[in-house]
Each structure stands twice: as structure tokens, then as C-alpha cells.
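Trainee: entry-v4.txt is reproduced below (compact mmCIF, C-alpha atoms).
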# COMPACT_ATOMS: atom_id res chain seq x y z
CA MET A 1 0.00 0.00 0.00
CA THR A 2 1.16 3.54 -0.68
CA TYR A 3 1.09 5.47 2.59
CA SER A 4 0.25 9.12 2.97
CA HIS A 5 3.63 10.13 4.34
CA GLU A 6 6.08 8.31 2.11
CA SER A 7 9.77 7.55 2.74
CA ILE A 8 11.83 7.43 -0.45
CA GLN A 9 14.56 4.84 -1.02
CA THR A 10 17.37 5.76 -3.40
CA THR A 11 18.14 3.85 -6.58
CA SER A 12 21.19 1.59 -6.22
CA GLY A 13 24.35 3.51 -7.05
CA LEU A 14 22.62 6.90 -7.17
CA PRO A 15 21.80 9.43 -4.43
CA PHE A 16 18.19 9.63 -5.67
CA ARG A 17 15.47 7.39 -7.08
CA ILE A 18 14.65 7.09 -10.78
CA PHE A 19 12.10 4.68 -12.24
CA SER A 20 9.42 4.39 -14.90
CA PHE A 21 6.11 2.58 -15.28
CA ASN A 22 3.69 1.64 -18.04
CA GLU A 23 -0.11 1.35 -17.83
CA GLN A 24 -2.10 -0.65 -20.38
CA ASN A 25 -5.44 0.22 -18.75
CA ASP A 26 -6.28 3.05 -16.37
CA GLY A 27 -3.70 2.37 -13.69
CA ARG A 28 -3.68 2.27 -9.95
CA PHE A 29 -4.80 5.42 -8.19
CA ILE A 30 -2.19 6.48 -5.63
CA PRO A 31 -4.04 8.36 -2.86
CA LYS A 32 -2.95 11.78 -1.67
CA HIS A 33 0.32 11.71 0.21
CA TRP A 34 3.48 13.72 0.67
CA HIS A 35 7.18 13.11 1.22
CA GLN A 36 10.24 15.23 1.82
CA SER A 37 11.76 14.34 -1.54
CA VAL A 38 11.20 16.54 -4.59
CA GLU A 39 9.41 14.58 -7.31
CA MET A 40 10.03 15.18 -11.01
CA ILE A 41 7.45 13.69 -13.38
CA TYR A 42 7.97 13.26 -17.11
CA CYS A 43 5.27 11.76 -19.36
CA LEU A 44 6.84 9.86 -22.26
CA SER A 45 3.52 8.80 -23.81
CA GLY A 46 -0.15 8.55 -23.00
CA GLN A 47 -1.52 10.55 -20.09
CA LEU A 48 -0.95 10.88 -16.36
CA LYS A 49 -3.47 12.46 -14.02
CA VAL A 50 -1.92 14.41 -11.13
CA TRP A 51 -3.65 16.06 -8.21
CA LEU A 52 -1.70 18.82 -6.45
CA ILE A 53 -3.46 19.75 -3.22
CA THR A 54 -6.81 20.92 -4.68
CA GLU A 55 -5.88 21.21 -8.39
CA GLU A 56 -6.04 18.49 -11.05
CA TYR A 57 -3.76 18.29 -14.09
CA ILE A 58 -3.43 15.94 -17.06
CA LEU A 59 0.12 15.38 -18.30
CA GLN A 60 0.40 14.29 -21.93
CA LYS A 61 3.37 13.26 -24.06
CA ASN A 62 6.46 15.41 -23.30
CA ASP A 63 4.76 17.22 -20.42
CA PHE A 64 6.60 17.46 -17.10
CA MET A 65 6.22 18.94 -13.65
CA VAL A 66 8.12 19.20 -10.40
CA ILE A 67 6.38 18.56 -7.07
CA ASN A 68 8.12 20.39 -4.25
CA THR A 69 8.99 18.90 -0.88
CA ASN A 70 6.08 18.22 1.49
CA THR A 71 3.45 18.95 -1.16
CA VAL A 72 0.30 16.84 -0.99
CA HIS A 73 -0.30 15.04 -4.28
CA ALA A 74 -1.91 12.00 -5.89
CA THR A 75 -1.41 10.31 -9.26
CA GLN A 76 -3.03 7.90 -11.67
CA GLY A 77 -1.57 6.63 -14.92
CA LEU A 78 -4.21 6.57 -17.65
CA LYS A 79 -4.54 4.11 -20.54
CA ASN A 80 -1.38 3.40 -22.57
CA SER A 81 0.77 5.72 -20.46
CA GLN A 82 4.53 5.59 -19.93
CA VAL A 83 5.91 7.82 -17.19
CA MET A 84 9.33 8.44 -15.64
CA ILE A 85 9.63 9.55 -12.02
CA ILE A 86 12.72 11.05 -10.36
CA GLN A 87 12.64 11.53 -6.58
CA LEU A 88 15.40 13.70 -5.14
CA PRO A 89 15.88 13.42 -1.35
CA ILE A 90 15.66 16.72 0.47
CA GLN A 91 19.17 16.35 1.92
CA PHE A 92 20.62 15.84 -1.57
CA LEU A 93 18.95 19.05 -2.74
CA ARG A 94 20.06 20.97 0.31
CA ASP A 95 23.63 19.85 -0.33
CA VAL A 96 23.73 20.70 -4.04
CA THR A 97 22.00 24.08 -3.53
CA PHE A 98 24.20 24.94 -0.52
CA GLY A 99 21.20 25.02 1.79
CA LYS A 100 19.11 27.39 -0.33
CA TYR A 101 16.37 24.89 -1.27
CA PRO A 102 13.67 25.10 0.06
CA ASN A 103 14.51 27.92 2.48
CA GLU A 104 15.09 30.60 -0.17
CA PHE A 105 13.28 29.22 -3.22
CA VAL A 106 11.19 26.34 -4.53
CA PHE A 107 10.64 25.15 -8.11
CA GLN A 108 7.74 26.46 -10.17
CA ILE A 109 7.50 24.12 -13.13
CA ASN A 110 4.36 22.58 -14.62
CA ARG A 111 4.30 22.40 -18.39
CA THR A 112 0.56 21.72 -18.48
CA VAL A 113 -0.25 25.27 -17.35
CA MET A 114 2.82 27.42 -17.94
CA LYS A 115 5.53 27.64 -20.57
CA ASN A 116 9.13 28.70 -20.18
CA ASP A 117 11.79 29.56 -22.77
CA TYR A 118 13.94 26.76 -21.35
CA ASP A 119 11.29 24.01 -21.57
CA ASP A 120 13.04 22.40 -24.55
CA VAL A 121 16.31 22.23 -22.62
CA VAL A 122 14.53 20.60 -19.67
CA LEU A 123 12.80 18.16 -22.04
CA THR A 124 16.16 17.13 -23.53
CA TYR A 125 17.49 16.26 -20.07
CA PHE A 126 14.40 14.20 -19.28
CA LYS A 127 14.66 12.30 -22.58
CA GLN A 128 18.32 11.51 -21.97
CA MET A 129 17.60 10.24 -18.46
CA ALA A 130 14.68 8.15 -19.74
CA ILE A 131 17.06 6.31 -22.08
CA CYS A 132 19.53 5.69 -19.26
CA SER A 133 16.72 4.62 -16.92
CA ARG A 134 15.55 2.04 -19.45
CA TYR A 135 19.06 0.55 -19.62
CA LEU A 136 19.23 0.39 -15.82
CA LYS A 137 15.77 -1.17 -15.58
CA GLU A 138 16.68 -3.85 -18.13
CA GLY A 139 19.68 -4.84 -16.01
CA HIS A 140 22.55 -4.10 -18.39
CA LYS A 141 25.27 -4.55 -15.77
CA THR A 142 28.07 -3.83 -18.24
CA HIS A 143 26.62 -0.35 -18.78
CA GLU A 144 25.51 0.37 -15.21
CA LEU A 145 28.45 2.59 -14.27
CA LEU A 146 28.25 4.54 -17.54
CA MET A 147 24.48 5.00 -17.28
CA ASN A 148 24.71 6.12 -13.65
CA LEU A 149 27.34 8.71 -14.55
CA HIS A 150 25.19 9.99 -17.43
CA VAL A 151 22.17 10.29 -15.13
CA MET A 152 24.22 12.10 -12.48
CA SER A 153 25.52 14.51 -15.11
CA ASP A 154 22.01 15.13 -16.43
CA ILE A 155 20.59 15.72 -12.94
CA TYR A 156 23.22 18.34 -12.14
CA GLY A 157 22.67 20.00 -15.53
CA LEU A 158 18.90 19.94 -15.06
CA LEU A 159 19.12 21.37 -11.54
CA ALA A 160 21.31 24.20 -12.82
CA ILE A 161 18.60 25.13 -15.33
CA LEU A 162 15.83 24.82 -12.75
CA CYS A 163 17.66 26.93 -10.17
CA GLU A 164 18.36 29.66 -12.72
CA HIS A 165 15.10 29.76 -14.65
CA TYR A 166 12.37 28.03 -12.60
CA ALA A 167 13.12 29.13 -9.03
CA ASP A 168 10.36 30.99 -7.19
CA LYS A 169 11.22 32.89 -4.01
CA THR A 170 7.66 34.15 -3.45
CA ILE A 171 6.20 30.67 -3.03
CA ALA A 172 9.08 29.72 -0.73
CA ALA A 173 8.21 32.64 1.52
CA ARG A 174 4.54 31.63 1.66
CA ARG A 175 5.46 28.04 2.48
CA LYS A 176 7.16 29.24 5.66
CA LEU A 177 3.72 30.01 7.07
CA THR A 178 3.53 26.97 9.31
CA PHE A 179 0.81 24.36 9.29
CA ASP A 180 0.49 21.84 12.11
CA ARG A 181 1.74 18.93 10.02
CA THR A 182 2.82 16.93 13.08
CA ARG A 183 -0.79 16.54 14.22
CA LEU A 184 -1.89 15.81 10.67
CA ILE A 185 0.69 13.02 10.35
CA LYS A 186 -0.70 11.42 13.52
CA VAL A 187 -4.21 11.57 12.09
CA ILE A 188 -3.12 10.06 8.77
CA ASP A 189 -1.19 7.27 10.51
CA TYR A 190 -4.29 6.56 12.60
CA LEU A 191 -6.45 6.28 9.49
CA HIS A 192 -4.03 3.88 7.81
CA ASP A 193 -3.90 1.74 10.93
CA ASN A 194 -7.68 1.66 11.39
CA PHE A 195 -9.34 2.13 7.99
CA VAL A 196 -10.78 -1.40 8.10
CA ASN A 197 -12.84 -0.40 11.13
CA GLU A 198 -15.88 1.85 11.33
CA ILE A 199 -14.44 5.38 11.34
CA THR A 200 -16.30 8.67 11.05
CA LEU A 201 -15.30 12.30 10.94
CA ALA A 202 -16.87 12.85 14.36
CA SER A 203 -15.23 9.85 16.03
CA THR A 204 -11.79 10.74 14.67
CA ALA A 205 -12.16 14.36 15.70
CA ASN A 206 -13.07 13.19 19.20
CA ASP A 207 -10.08 10.81 19.35
CA PHE A 208 -7.74 13.74 18.60
CA ASN A 209 -9.53 16.29 20.79
CA PHE A 210 -10.85 18.41 17.92
CA SER A 211 -14.32 19.76 17.51
CA THR A 212 -15.93 18.13 14.47
CA SER A 213 -16.27 21.39 12.54
CA TYR A 214 -12.69 22.51 13.22
CA PHE A 215 -11.30 19.07 12.39
CA SER A 216 -13.13 19.02 9.07
CA LYS A 217 -11.53 22.35 8.08
CA PHE A 218 -8.13 21.31 9.48
CA PHE A 219 -8.11 18.10 7.42
CA GLN A 220 -9.30 19.84 4.24
CA GLN A 221 -6.60 22.49 4.58
CA GLY A 222 -3.82 19.98 5.18
CA MET A 223 -4.72 17.32 2.62
CA GLY A 224 -6.64 19.30 0.01
CA THR A 225 -9.53 16.84 0.19
CA SER A 226 -12.31 15.99 2.60
CA PHE A 227 -11.92 13.47 5.40
CA THR A 228 -14.53 11.19 3.82
CA SER A 229 -12.88 11.28 0.38
CA TYR A 230 -9.47 10.54 1.82
CA LEU A 231 -10.70 7.63 3.93
CA ARG A 232 -12.47 6.20 0.88
CA SER A 233 -9.27 6.53 -1.19
CA ILE A 234 -7.10 4.54 1.23
CA ARG A 235 -9.78 1.85 1.50
CA LEU A 236 -9.90 1.73 -2.29
CA ASP A 237 -6.11 1.46 -2.48
CA ALA A 238 -6.12 -1.48 -0.07
CA ALA A 239 -8.96 -3.15 -1.98
CA PHE A 240 -7.13 -2.66 -5.28
CA GLU A 241 -4.06 -4.40 -3.81
CA LYS A 242 -6.11 -7.40 -2.63
CA MET A 243 -8.04 -7.53 -5.88
CA MET A 244 -4.87 -7.74 -7.96
CA THR A 245 -2.87 -10.08 -5.71
CA SER A 246 -5.46 -12.55 -4.38
CA ASP A 247 -8.36 -14.73 -5.51
CA LEU A 248 -10.73 -13.41 -2.84
CA ASP A 249 -14.22 -12.58 -4.05
CA LEU A 250 -14.96 -8.89 -4.43
CA THR A 251 -17.55 -8.69 -1.65
CA THR A 252 -15.08 -10.15 0.85
CA ILE A 253 -12.42 -7.71 -0.32
CA ALA A 254 -14.81 -4.79 0.08
CA ILE A 255 -15.77 -5.70 3.65
CA ASP A 256 -12.17 -6.58 4.62
CA CYS A 257 -11.05 -3.11 3.50
CA GLY A 258 -13.63 -1.17 5.48
CA PHE A 259 -16.38 -0.61 2.92
CA GLU A 260 -19.89 -1.03 4.30
CA SER A 261 -20.92 -3.12 1.31
CA TYR A 262 -19.85 -4.26 -2.13
CA ARG A 263 -22.04 -1.53 -3.61
CA ASN A 264 -20.04 1.17 -1.78
CA PHE A 265 -16.80 -0.38 -3.06
CA TYR A 266 -18.24 -0.66 -6.58
CA ASN A 267 -19.24 3.02 -6.64
CA ALA A 268 -15.84 4.16 -5.34
CA PHE A 269 -13.99 1.94 -7.82
CA ILE A 270 -15.94 2.92 -10.90
CA GLU A 271 -15.55 6.62 -10.06
CA VAL A 272 -11.75 6.27 -10.24
CA TYR A 273 -11.17 3.47 -12.77
CA ARG A 274 -14.26 3.99 -14.98
CA VAL A 275 -14.99 0.25 -15.11
CA SER A 276 -16.37 -2.15 -12.53
CA PRO A 277 -13.98 -4.06 -10.22
CA SER A 278 -14.84 -7.37 -11.93
CA GLU A 279 -14.19 -5.90 -15.40
CA TYR A 280 -10.86 -4.42 -14.30
CA ARG A 281 -9.78 -7.71 -12.74
CA LYS A 282 -10.72 -9.58 -15.92
CA MET A 283 -8.80 -7.13 -18.15
CA SER A 284 -5.71 -7.37 -15.94
CA THR A 285 -5.84 -11.17 -16.05
CA ILE A 286 -5.95 -11.06 -19.86
CA MET A 287 -2.95 -8.69 -19.94
Using C-alpha cells, write down the structure that the file contains.

Mentor:
Amino acid sequence: MTYSHESIQTTSGLPFRIFSFNEQNDGRFIPKHWHQSVEMIYCLSGQLKVWLITEEYILQKNDFMVINTNTVHATQGLKNSQVMIIQLPIQFLRDVTFGKYPNEFVFQINRTVMKNDYDDVVLTYFKQMAICSRYLKEGHKTHELLMNLHVMSDIYGLLAILCEHYADKTIAARRKLTFDRTRLIKVIDYLHDNFVNEITLASTANDFNFSTSYFSKFFQQGMGTSFTSYLRSIRLDAAFEKMMTSDLDLTTIAIDCGFESYRNFYNAFIEVYRVSPSEYRKMSTIM
């Protein structure tokens, strides 16, 4: 399961993580979460749906965006999509920017809504790293050192362009306005530990000594979605995992993952994946 506060492991031989994935059908919905790493997303083909806090974007071929540290986001690869992800640990970025990121600036880069004169340069770096990533993924040990060096070179070149032409000091200043993320993390951990049980907005607010109305606003502000929607998304994520890795019947999966009934699971699933759970399972078996 993908947890809301995610720890990022580096790719072997590199001080950051780089990987790609392909989706034949509408892919797995990754619920809203955040991590300290900066996430670079490059769409090689097809489409990728990305939610940033309260906004929704569709990345198409050759689109890219950068998700800054501790930014709530969710993703879903759409049909026939191929996407490359690069996750740069916050300490790596602090080191290479001499402590300036994210204290003095953050990155403002989202090709779906804004263009920059240096977009073609950025795109070239992403294409080069995608080629190297494919070699690494295919396990070409004889080329591993060479590919790693190429990727490292490209990352430093890309970061130089981003720091010079995509840095935003205004956003960095606004991000210093503190939000009680420590309490939010405790709430999110609680939901992931207990989502199979009967949980309501009121009961959770009471468990954490919030009034129901304040807690509703607190959660919406921190996660960019309602409590009910978020709880449904983590139940759906757990059900998706069981559906794709077990032979359990769908009603059992629904109840085991906290849904009141199969109908509730069905409605949640079809809203995200646009087909019924049984149809999706059948298509995945054929693939």
C-alpha cells in the first residue's frame, strides 16, 4: 500500500530514485500523500493524471512537472501511459544548492499550465535520463556505471537550469507560514492503521480532541480533500491491492477493506477506474 507520508529509497548507485512505469489500462490510483523528496514527473507517452493539493492536471506526451517537498499530491496513470519519475531526497537538494532549497526558493515548473523559454532544454534532459533509466531497468550490468554517470551529469545540468530559470522565491516565503503537520501526520497514521474499522469524521475528531467542525476544516486544509474522500481513497487502495494479488471474491475484499458493502466499493472503484472491479480484474488477467 502507498502510505500518505512516504519515505523514499534511493536507486542503487545513485543518491536519488529514478524509475518508470507503463499502464495498459487506467492504472492504480495512488491516494494523496506527501514526502520530503522533490518529485520530477515526465510523461513519455499517453496521459498521467496528477492532483496537487486541490488542483487536477493531465500530463500528456512530453509534459513534465516538479512537485516540491512536502506537497500533498496524488497520481493515476491513464490508458497506454509511460511515465518516468525522479525523486530527489531533500538532503541531496540541500547539499547541491548549498542550503538554499527550500529555504530561499522552490521550483515552479508545470508544463501543463505554464511555458518557459527553457522548456526544450529541460525536455532534452528528461529524454536523456529516460534512455539511461531504461538501460538500468533492463539490467545491463556492463553499462551500469556509464548509465549512472550519465544520469548524475544530467541531474546536475537539469538542476542548474531549474535553479536559474524556474526558481520561485515568493512561493518559498509563503510556504514558511507553518501548518500543524505533526498533528496531521498522527491523524493520517491513525487512518491507515484503522481504515478497516468503522471510522467517522466525528469519532476521529473526538479521538484527537478536535471539535468536528474545526477538524473538518483542518483536514481539508492539510490534505486538500475531505476526510470522507481521503478515507475512501485509502480503503480503495487497499482493496485494489487485494483484488490484484489474491483470488478473494470482491464482496469479501470490500468488507475486509472497510467498505460497508460491495455496492459502496463498486461506486468508489468505478468513479476512479471507470470500469467495474470485476471488469478491471478480468482485463488485468488477460494482460

Trainee: Measuring atom to atom with only C-alpha atoms, identify which of A:Ala130, A:Ile86, A:Ala239, A:Ile188 is nearest to A:Ser37.

Mentor: A:Ile86

Trainee: Excluding same-chain residues fewer than 2 positions from A:Gln108, what lies within 10 Å of it counting only C-alpha atoms, as a list in words?

Mentor: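 Listing them by chain and then by number gives Met65, Val66, Ile67, Asn68, Phe105, Val106, Asn110, Arg111, Met114, Leu162, Cys163, His165, Tyr166, Ala167, Asp168, Lys169 and Ile171 of chain A.
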
Trainee: Just the residues within 7 Å of A:Trp51, please, counting all atoms listed in the file, with nothing from its chain fewer than 3 positions along; format it as a short mmCIF file (atom, residue, chain, number, x, y, z; two decimals) with C-alpha atoms, in the coordinates of the input.

Mentor:
data_model
loop_
_atom_site.label_atom_id
_atom_site.label_comp_id
_atom_site.auth_asym_id
_atom_site.auth_seq_id
_atom_site.Cartn_x
_atom_site.Cartn_y
_atom_site.Cartn_z
CA THR A 54 -6.81 20.92 -4.68
CA GLU A 55 -5.88 21.21 -8.39
CA GLU A 56 -6.04 18.49 -11.05
CA TYR A 57 -3.76 18.29 -14.09
CA HIS A 73 -0.30 15.04 -4.28
CA ALA A 74 -1.91 12.00 -5.89
CA THR A 75 -1.41 10.31 -9.26
#

Trainee: Write out as a ChimeraX atom specification which residues come within 12 Å of A:Lys49 when counting all atoms listed in the file, dropping same-chain ones fewer than 6 positions away.

Mentor: /A:26-31,41-43,55-60,63-65,73-79,81,83,112,272-273

Trainee: Enter the distance from atom CA of A:Asn22 to atom CA of A:Ile155, in Å, rounded to one decimal.

Mentor: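 So the two atoms, atom CA of A:Asn22 and atom CA of A:Ile155, lie 22.6 Å apart.
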
Trainee: State, in Å with one decimal place, the distance from atom CA of A:Gly222 to atom CA of A:Val72.

Mentor: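 Computing the Euclidean distance for atom CA of A:Gly222 and atom CA of A:Val72 yields 8.1 Å.
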
Trainee: Using all atoms listed in the file, find the one residue out of A:Leu158, A:Ile18, A:Met243, A:Leu88 that sits nearest to A:Thr124.

Mentor: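 Of A:Leu158, A:Ile18, A:Met243, A:Leu88, the one nearest A:Thr124 is A:Leu158, counting all atoms listed in the file.
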
Trainee: As lines of an AutoDock Vina configuration file, what would the box around stretch 111-115 of chain A look like: edges along x, y and z, 5 Å added on every side, centre and edge lengths in Å to one decimal?

Mentor:
center_x = 2.6
center_y = 24.7
center_z = -19.0
size_x = 15.8
size_y = 15.9
size_z = 13.2

Trainee: Find the residue from A:Thr228, A:Thr182, A:Ser211, A:Gln91 that sits nearest to A:Phe259; use all atoms listed in the file when measuring.

Mentor: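 Among the listed residues, A:Thr228 lies closest to A:Phe259.
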
Trainee: So which one's closest to A:Ile131, A:Phe208, A:Tyr266, A:Phe19, A:Phe219? Using only C-alpha atoms, please.

Mentor: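 Using only C-alpha atoms, the shortest distance to A:Ile131 belongs to A:Phe19.
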
Trainee: Do you know which residues are at most 7 Å from A:Met129 counting all atoms listed in the file, after dropping those on the same chain fewer than 3 positions away, and could you put them as a list in words?

Mentor: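 Close residues of A:Met129: Tyr125, Phe126, Cys132, Ser133, Val151 and Asp154 of chain A.
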
Trainee: Could you turn the residues from that selection into a file that holds C-alpha atoms, as a PDB file, in the frame of the given file?

Mentor:
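For reference, selection-v8.pdb as written:
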ATOM      1  CA  TYR A 125      17.490  16.260 -20.070  1.00  0.00           C
ATOM      2  CA  PHE A 126      14.400  14.200 -19.280  1.00  0.00           C
ATOM      3  CA  CYS A 132      19.530   5.690 -19.260  1.00  0.00           C
ATOM      4  CA  SER A 133      16.720   4.620 -16.920  1.00  0.00           C
ATOM      5  CA  VAL A 151      22.170  10.290 -15.130  1.00  0.00           C
ATOM      6  CA  ASP A 154      22.010  15.130 -16.430  1.00  0.00           C
TER       7      ASP A 154
END
